[in-house]
Amino acid sequence: MIFIHRLLRELIWFGPFAGVFFLALALFRQGPIFPKPGQARTIIDAAGENVAITQPFQGFIPGWHLFDVLQKTHRPEALAKVGVNHGWLTERLSVLYWVYPGLNPGAFSDDLESILAHDRGYVYLARPEVKRFGLAAPTIMPSGRPPDAEDTMFTMVRVLNDIADQSGQGQFIIESFKLEKALVEAGVEIELTGVLPPPERRPRTLAMVCPDGEWTRLWGSGMADLKLGLTDISDGMSAAGRESDAERILYMNPDFIILRVGTAEVFLRDPRWQGLEAVRRRRVYSNITDLNGYTYDLDNIPGAYRWLAELVYPDLLQPRLRGILRAHYLNSYQFYLNDFYLDYLLQLDLNGGSSGYNRFERHS
Amino acid sequence: MPQAFQNPPPYGPRLKIVFLNSLSAVREFRSSHQWFMPVLLTLALMVTMVCSLLIGAYPMSFWRAGDITLSLTLPWAWPEEATWPLMELAVIQMIRLPRVLLATVAGMALGLSGAALQGLMRNPLVGPDLVGVSSGAALGGVFAIMFYWTGAAVVAMAFLGGLLALGGTFGLAKLARSADGIGLILSGIFVGAFCVSGVCLGLFLADDHQMSQIVHWIMGYLNEASPETVWLLTGPTIFGGSVLMLLRWRLNLLSLGDVDAFSMGIRVRSLRLVIIAMVSLIVAAQVSVSGVIGWVGLVVPHCARTLVGPDHRRLLPASAVLGGLFVLLIDDFSRVVLRSDVATGTLTALIGTPFICFLFWRKRNKGWIHD
């Protein structure tokens with residue numbers, strides 16, 4: 001009797017473990033299987049998979065893809081009024097907020113349970129894990145970094161517009177972009193024909209990020225591929241750390257520096273860089289867009305091409321950038337960019353101290 | 001001023017007597033009703049787990065959630081004709097259940113291993129994170145991530161890392177002829193620092209994807225709970241925990257000192273090795289699925305000791321249950337109140353550090369350092 005009593009007294013301590021184990025057995029139960037939605041359209045996403053979009057379509061919950069939805073569908077009403085309140089994106093998108101003054105996305109809690117509480121008609125662009133709950137979470141960007149950034153953009157345009165049930169609009173955006181880009185490139189080519197300096201005297205350019213922060217870093221820019229005859233001196237290099245990259249930049253001594261992040265004014269004041277040729281001649285510029293960056297900026301790529309061309313060949317090209325940007329916004333968004341918007345888009349305040357940047361001002 | 005206010009009666013000592021009397025009454029009750037504490041702790045844990053399943057961000061009635069939870073846990077059909085929406089079932093079964101289980105088992109693993117380590121080293125200042133096990137397991141896991149290994153390979157590498165780190169701590173303390181006092185803590189700090197530097201090197205060498213994985217992991221998150229991660233943790237915890245539970249009375253003898261334990265027939269060296277291996281296995285499994293969750297293994301055994309006393313036969317399971325409760329409640333707070341995925345490791349440290357500071361102040365260092 002005493003033995004049994006002692007045994008029970010020992011065994012009782014195993015109670016909690018048994019309880020947890022018992023509860024864990026529930027994990028073996030068959031999980032719910034979600035039927036396909038009754039009213040749905042099927043699209044093919046960037047990964048080549050069929051995705052059912054529940055009807056009526058309620059909008060995108062874009063996560064980091066807010067930029068893409070606005071630029072690549074031209075349909076702000078497709079944005080769900082939830083989940084798109086990202087600070088730095090909002091700042092970068094100021095022009096598009098002016099274009100669409102009614103756009104006022106609010107924040108929402110993006111934990112999984114909150115997401116599941118929403119209507120099934122929403123499409124989630126950055127939450128692949130919701131697929132197992134039968135929700136639409138198509139892949140809009142091909143996996144990996146494709147050799148051609150334009151292919152990626154076009155895939156995104158196609159998928160986003162298919163989801164929003166406006167395939168024709170997608171095709172229009174792609175064709176407009178191609179035409180605009182070709183026109184800008186041809187314009188530059190014509191103006192430079194016969195007047196380009198010999199290869200050994202062409203500008204040596206460098207792209208980098210965060211020069212005024214803790215993270216100086218080289219960045220492959222793709223500027224050598226732009227048919228402008230530029231030499232991208234950091235081509236093929238990868239970032240190696242703040243100090244190492246700073247020393248490499250000082251050694252390479254580029255003629256032009258394009259800052260992907262950071263302000264030219266601060267860079268020009270930094271004592272570290274005072275020995276650089278580009279700094280002495282004040283040829284340091286804050287980039288107006290990502291030429292080959294991670295946002296694949298559909299609106300600004302043709303304009304950015306002209307921007308770079310005019311900066312590196314200021315004596316050979318006429319200042320036409322303001323007109324090009326104005327025409328683009330009018331064509332794509334039926335929106336007239338006034339001078340205030342244009343000054344903002346060209347980041348005149350960030351590049352005020354840089355050589356030749358006044359060509360982009362209104363009086364030029 | 002009246003005389004009575006100038007010379008107040010000595011309430012302090014009287015209150016102290018009342019307090020001590022009540023404490024001794026509690027102790028008396030505890031010794032005469034030894035079934036009370038395990039039943040209370042079991043009930044507390046089970047009720048908290050079930051309540052955790054019933055609350056969350058998804059708008060669902062309490063009773064509906066209760067029905068679904070019953071249907072999942074009872075071996076028979078409940079109710080006969082289930083009518084709840086699939087999404088509600090999915091929320092309980094696919095989101096809340098794995099997370100609640102992962103939080104509970106991770107806390108149990110840490111509480112159990114912390115109590116075992118404190119008994120083994122006869123030092124209430126040690127915990128898996130202070131003797132380098134957590135850092136070692138993290139380094140092993142980072143190594144696996146750098147080579148794109150997944151699943152069991154990460155657990156295996158974390159186990160190896162934890163084992164080597166604990167062995168290193170112990171070896172270093174032995175070399176310094178201070179294996180059970182401040183020397184052990186210092187050795188743990190040295191070994192932990194070395195492992196942390198290895199983790200930082202891994203962060204430097206990692207690509208963007210690996211880096212986010214490593215950072216996520218180091219901070220200690222429970223938001224990637226799934227049935228697979230639960231079993232990946234539960235398996236080693238059941239095995240290691242069972243061995244520790246079977247050895248827990250030997251830990252009592254070990255706490256008398258090596259010579260006394262040996263004179264009572266305990267093979268001290270083998271016992272130490274087995275306990276170290278089991279603790280490493282448990283901590284490695286915990287670190288590999290939910291990252292480094294600090295302070296639980298250090299703080300929880302102290303709380304358990306006040307409830308059940310220093311006897312390891314009761315201290316080990318009580319620490320496990322309290323650890324499970326602690327981490328589960330913290331995760332509930334993050335999940336339900338904060339509505340965001342604040343790293344669990346951060347919250348446990350935020351609560352655990354002031355608590356251990358309070359204990360340090362209350363005990364005035366007594367019994368914490370032998371050297």
# chains A, B, ... in the order shown; residues from 1 in each chain; ligands from 1
call {"tool": "interface_residues", "arguments": {"of": "chain A", "to": "chain B", "cutoff": "6 Å", "atoms": "only C-alpha atoms", "output": "JSON, numbers by chain"}}
result
{"A": [13, 16, 26, 113, 114, 117]}
call {"tool": "write_last_selection", "arguments": {"atoms": "N, CA and C atoms", "output": "PDB file, in the first residue's frame"}}
result
ATOM      1  N   TRP A  13       3.685  13.627 -10.882  1.00  0.00           N
ATOM      2  CA  TRP A  13       4.492  14.683 -11.494  1.00  0.00           C
ATOM      3  C   TRP A  13       4.587  14.532 -13.010  1.00  0.00           C
ATOM      4  N   PRO A  16       1.566  16.729 -16.044  1.00  0.00           N
ATOM      5  CA  PRO A  16       1.633  17.801 -17.039  1.00  0.00           C
ATOM      6  C   PRO A  16       2.225  17.348 -18.363  1.00  0.00           C
ATOM      7  N   ALA A  26      -3.379  15.964 -31.115  1.00  0.00           N
ATOM      8  CA  ALA A  26      -4.360  16.610 -31.998  1.00  0.00           C
ATOM      9  C   ALA A  26      -3.726  17.071 -33.297  1.00  0.00           C
ATOM     10  N   GLU A 113      -3.748  35.532 -38.258  1.00  0.00           N
ATOM     11  CA  GLU A 113      -5.164  35.419 -37.881  1.00  0.00           C
ATOM     12  C   GLU A 113      -5.952  36.624 -38.366  1.00  0.00           C
ATOM     13  N   SER A 114      -5.358  37.822 -38.303  1.00  0.00           N
ATOM     14  CA  SER A 114      -6.057  39.015 -38.795  1.00  0.00           C
ATOM     15  C   SER A 114      -6.274  38.906 -40.298  1.00  0.00           C
ATOM     16  N   ALA A 117      -9.194  36.829 -41.252  1.00  0.00           N
ATOM     17  CA  ALA A 117     -10.506  37.393 -40.938  1.00  0.00           C
ATOM     18  C   ALA A 117     -11.043  38.243 -42.087  1.00  0.00           C
TER      19      ALA A 117
END
call {"tool": "residues_around", "arguments": {"residues": "Phe147 of chain B", "least_positions_apart": "4", "cutoff": "12 Å", "atoms": "only C-alpha atoms", "output": "list of chain:residue names"}}
result
B:Gly140, B:Gly141, B:Val142, B:Phe143, B:Ala153, B:Val154, B:Met157, B:Gly202, B:Leu205, B:Ala206, B:Asp207, B:Gln210
call {"tool": "atom_distance", "arguments": {"atom1": "atom CA of Ala116 of chain B", "atom2": "atom CA of Leu256 of chain B"}}
result
14.6 Å
call {"tool": "residues_around", "arguments": {"residues": "Leu348 of chain A", "least_positions_apart": "5", "cutoff": "12 Å", "atoms": "only C-alpha atoms", "output": "PyMOL selection string"}}
result
chain A and resi 263-265+285-288+339-343+353-362
call {"tool": "write_last_selection", "arguments": {"atoms": "N, CA and C atoms", "output": "PDB file, in the first residue's frame"}}
result
ATOM      1  N   THR A 263      22.206  61.777 -49.787  1.00  0.00           N
ATOM      2  CA  THR A 263      22.083  63.063 -50.472  1.00  0.00           C
ATOM      3  C   THR A 263      23.440  63.550 -50.945  1.00  0.00           C
ATOM      4  N   ALA A 264      23.431  64.124 -52.142  1.00  0.00           N
ATOM      5  CA  ALA A 264      24.681  64.618 -52.737  1.00  0.00           C
ATOM      6  C   ALA A 264      25.300  65.707 -51.874  1.00  0.00           C
ATOM      7  N   GLU A 265      24.484  66.573 -51.308  1.00  0.00           N
ATOM      8  CA  GLU A 265      24.984  67.687 -50.483  1.00  0.00           C
ATOM      9  C   GLU A 265      25.857  67.160 -49.350  1.00  0.00           C
ATOM     10  N   TYR A 285      25.644  63.039 -57.662  1.00  0.00           N
ATOM     11  CA  TYR A 285      24.204  63.269 -57.832  1.00  0.00           C
ATOM     12  C   TYR A 285      23.396  62.215 -57.074  1.00  0.00           C
ATOM     13  N   SER A 286      22.334  62.680 -56.461  1.00  0.00           N
ATOM     14  CA  SER A 286      21.388  61.733 -55.852  1.00  0.00           C
ATOM     15  C   SER A 286      20.474  61.203 -56.950  1.00  0.00           C
ATOM     16  N   ASN A 287      20.400  59.919 -57.024  1.00  0.00           N
ATOM     17  CA  ASN A 287      19.657  59.276 -58.113  1.00  0.00           C
ATOM     18  C   ASN A 287      18.164  59.604 -58.027  1.00  0.00           C
ATOM     19  N   ILE A 288      17.537  59.824 -59.174  1.00  0.00           N
ATOM     20  CA  ILE A 288      16.095  60.067 -59.111  1.00  0.00           C
ATOM     21  C   ILE A 288      15.312  58.764 -59.149  1.00  0.00           C
ATOM     22  N   ASP A 339       5.129  72.470 -62.125  1.00  0.00           N
ATOM     23  CA  ASP A 339       6.553  72.669 -61.840  1.00  0.00           C
ATOM     24  C   ASP A 339       6.929  72.225 -60.428  1.00  0.00           C
ATOM     25  N   PHE A 340       6.017  72.392 -59.504  1.00  0.00           N
ATOM     26  CA  PHE A 340       6.307  71.959 -58.132  1.00  0.00           C
ATOM     27  C   PHE A 340       6.544  70.445 -58.086  1.00  0.00           C
ATOM     28  N   TYR A 341       5.640  69.699 -58.727  1.00  0.00           N
ATOM     29  CA  TYR A 341       5.783  68.238 -58.746  1.00  0.00           C
ATOM     30  C   TYR A 341       7.076  67.834 -59.467  1.00  0.00           C
ATOM     31  N   LEU A 342       7.363  68.523 -60.558  1.00  0.00           N
ATOM     32  CA  LEU A 342       8.564  68.169 -61.325  1.00  0.00           C
ATOM     33  C   LEU A 342       9.838  68.429 -60.511  1.00  0.00           C
ATOM     34  N   ASP A 343       9.858  69.547 -59.804  1.00  0.00           N
ATOM     35  CA  ASP A 343      11.036  69.842 -58.963  1.00  0.00           C
ATOM     36  C   ASP A 343      11.223  68.741 -57.922  1.00  0.00           C
ATOM     37  N   GLY A 353      23.715  71.466 -54.819  1.00  0.00           N
ATOM     38  CA  GLY A 353      25.113  71.856 -54.885  1.00  0.00           C
ATOM     39  C   GLY A 353      25.903  71.123 -55.951  1.00  0.00           C
ATOM     40  N   SER A 354      25.243  70.287 -56.735  1.00  0.00           N
ATOM     41  CA  SER A 354      25.972  69.469 -57.717  1.00  0.00           C
ATOM     42  C   SER A 354      26.120  70.216 -59.037  1.00  0.00           C
ATOM     43  N   SER A 355      27.216  69.943 -59.679  1.00  0.00           N
ATOM     44  CA  SER A 355      27.555  70.674 -60.902  1.00  0.00           C
ATOM     45  C   SER A 355      26.531  70.430 -62.015  1.00  0.00           C
ATOM     46  N   GLY A 356      26.075  71.467 -62.613  1.00  0.00           N
ATOM     47  CA  GLY A 356      25.207  71.375 -63.792  1.00  0.00           C
ATOM     48  C   GLY A 356      23.784  70.958 -63.512  1.00  0.00           C
ATOM     49  N   TYR A 357      23.422  70.782 -62.221  1.00  0.00           N
ATOM     50  CA  TYR A 357      22.067  70.282 -61.968  1.00  0.00           C
ATOM     51  C   TYR A 357      21.003  71.341 -62.229  1.00  0.00           C
ATOM     52  N   ASN A 358      21.446  72.580 -62.323  1.00  0.00           N
ATOM     53  CA  ASN A 358      20.453  73.638 -62.576  1.00  0.00           C
ATOM     54  C   ASN A 358      19.846  73.543 -63.976  1.00  0.00           C
ATOM     55  N   ARG A 359      20.405  72.672 -64.816  1.00  0.00           N
ATOM     56  CA  ARG A 359      19.806  72.479 -66.136  1.00  0.00           C
ATOM     57  C   ARG A 359      18.404  71.885 -66.015  1.00  0.00           C
ATOM     58  N   PHE A 360      18.145  71.223 -64.878  1.00  0.00           N
ATOM     59  CA  PHE A 360      16.826  70.598 -64.711  1.00  0.00           C
ATOM     60  C   PHE A 360      15.810  71.549 -64.083  1.00  0.00           C
ATOM     61  N   GLU A 361      16.244  72.732 -63.747  1.00  0.00           N
ATOM     62  CA  GLU A 361      15.304  73.689 -63.151  1.00  0.00           C
ATOM     63  C   GLU A 361      14.385  74.268 -64.212  1.00  0.00           C
ATOM     64  N   ARG A 362      13.355  74.929 -63.751  1.00  0.00           N
ATOM     65  CA  ARG A 362      12.297  75.389 -64.643  1.00  0.00           C
ATOM     66  C   ARG A 362      12.794  76.364 -65.703  1.00  0.00           C
TER      67      ARG A 362
END
call {"tool": "closest_residue", "arguments": {"among": "A:Leu25, A:Met252, A:Ala137, A:Leu259", "to": "Gly275 of chain A", "atoms": "only C-alpha atoms"}}
result
A:Met252
call {"tool": "residues_around", "arguments": {"residues": "Glu185 of chain A", "least_positions_apart": "4", "cutoff": "9 Å", "atoms": "only C-alpha atoms", "output": "list in words"}}
result
Glu180, Lys181, Glu189, Ile190, Leu226, Lys227, Pro302, Tyr305 and Arg306 of chain A
call {"tool": "select_by_dssp", "arguments": {"residues": "segment 120-350 of chain B", "states": "helix (DSSP H, G or I)", "output": "ChimeraX atom specification"}}
result
/B:120,133-146,152-175,182-205,208-219,227-246,248-254,258-263,268-290,296-308,312-337,344-350
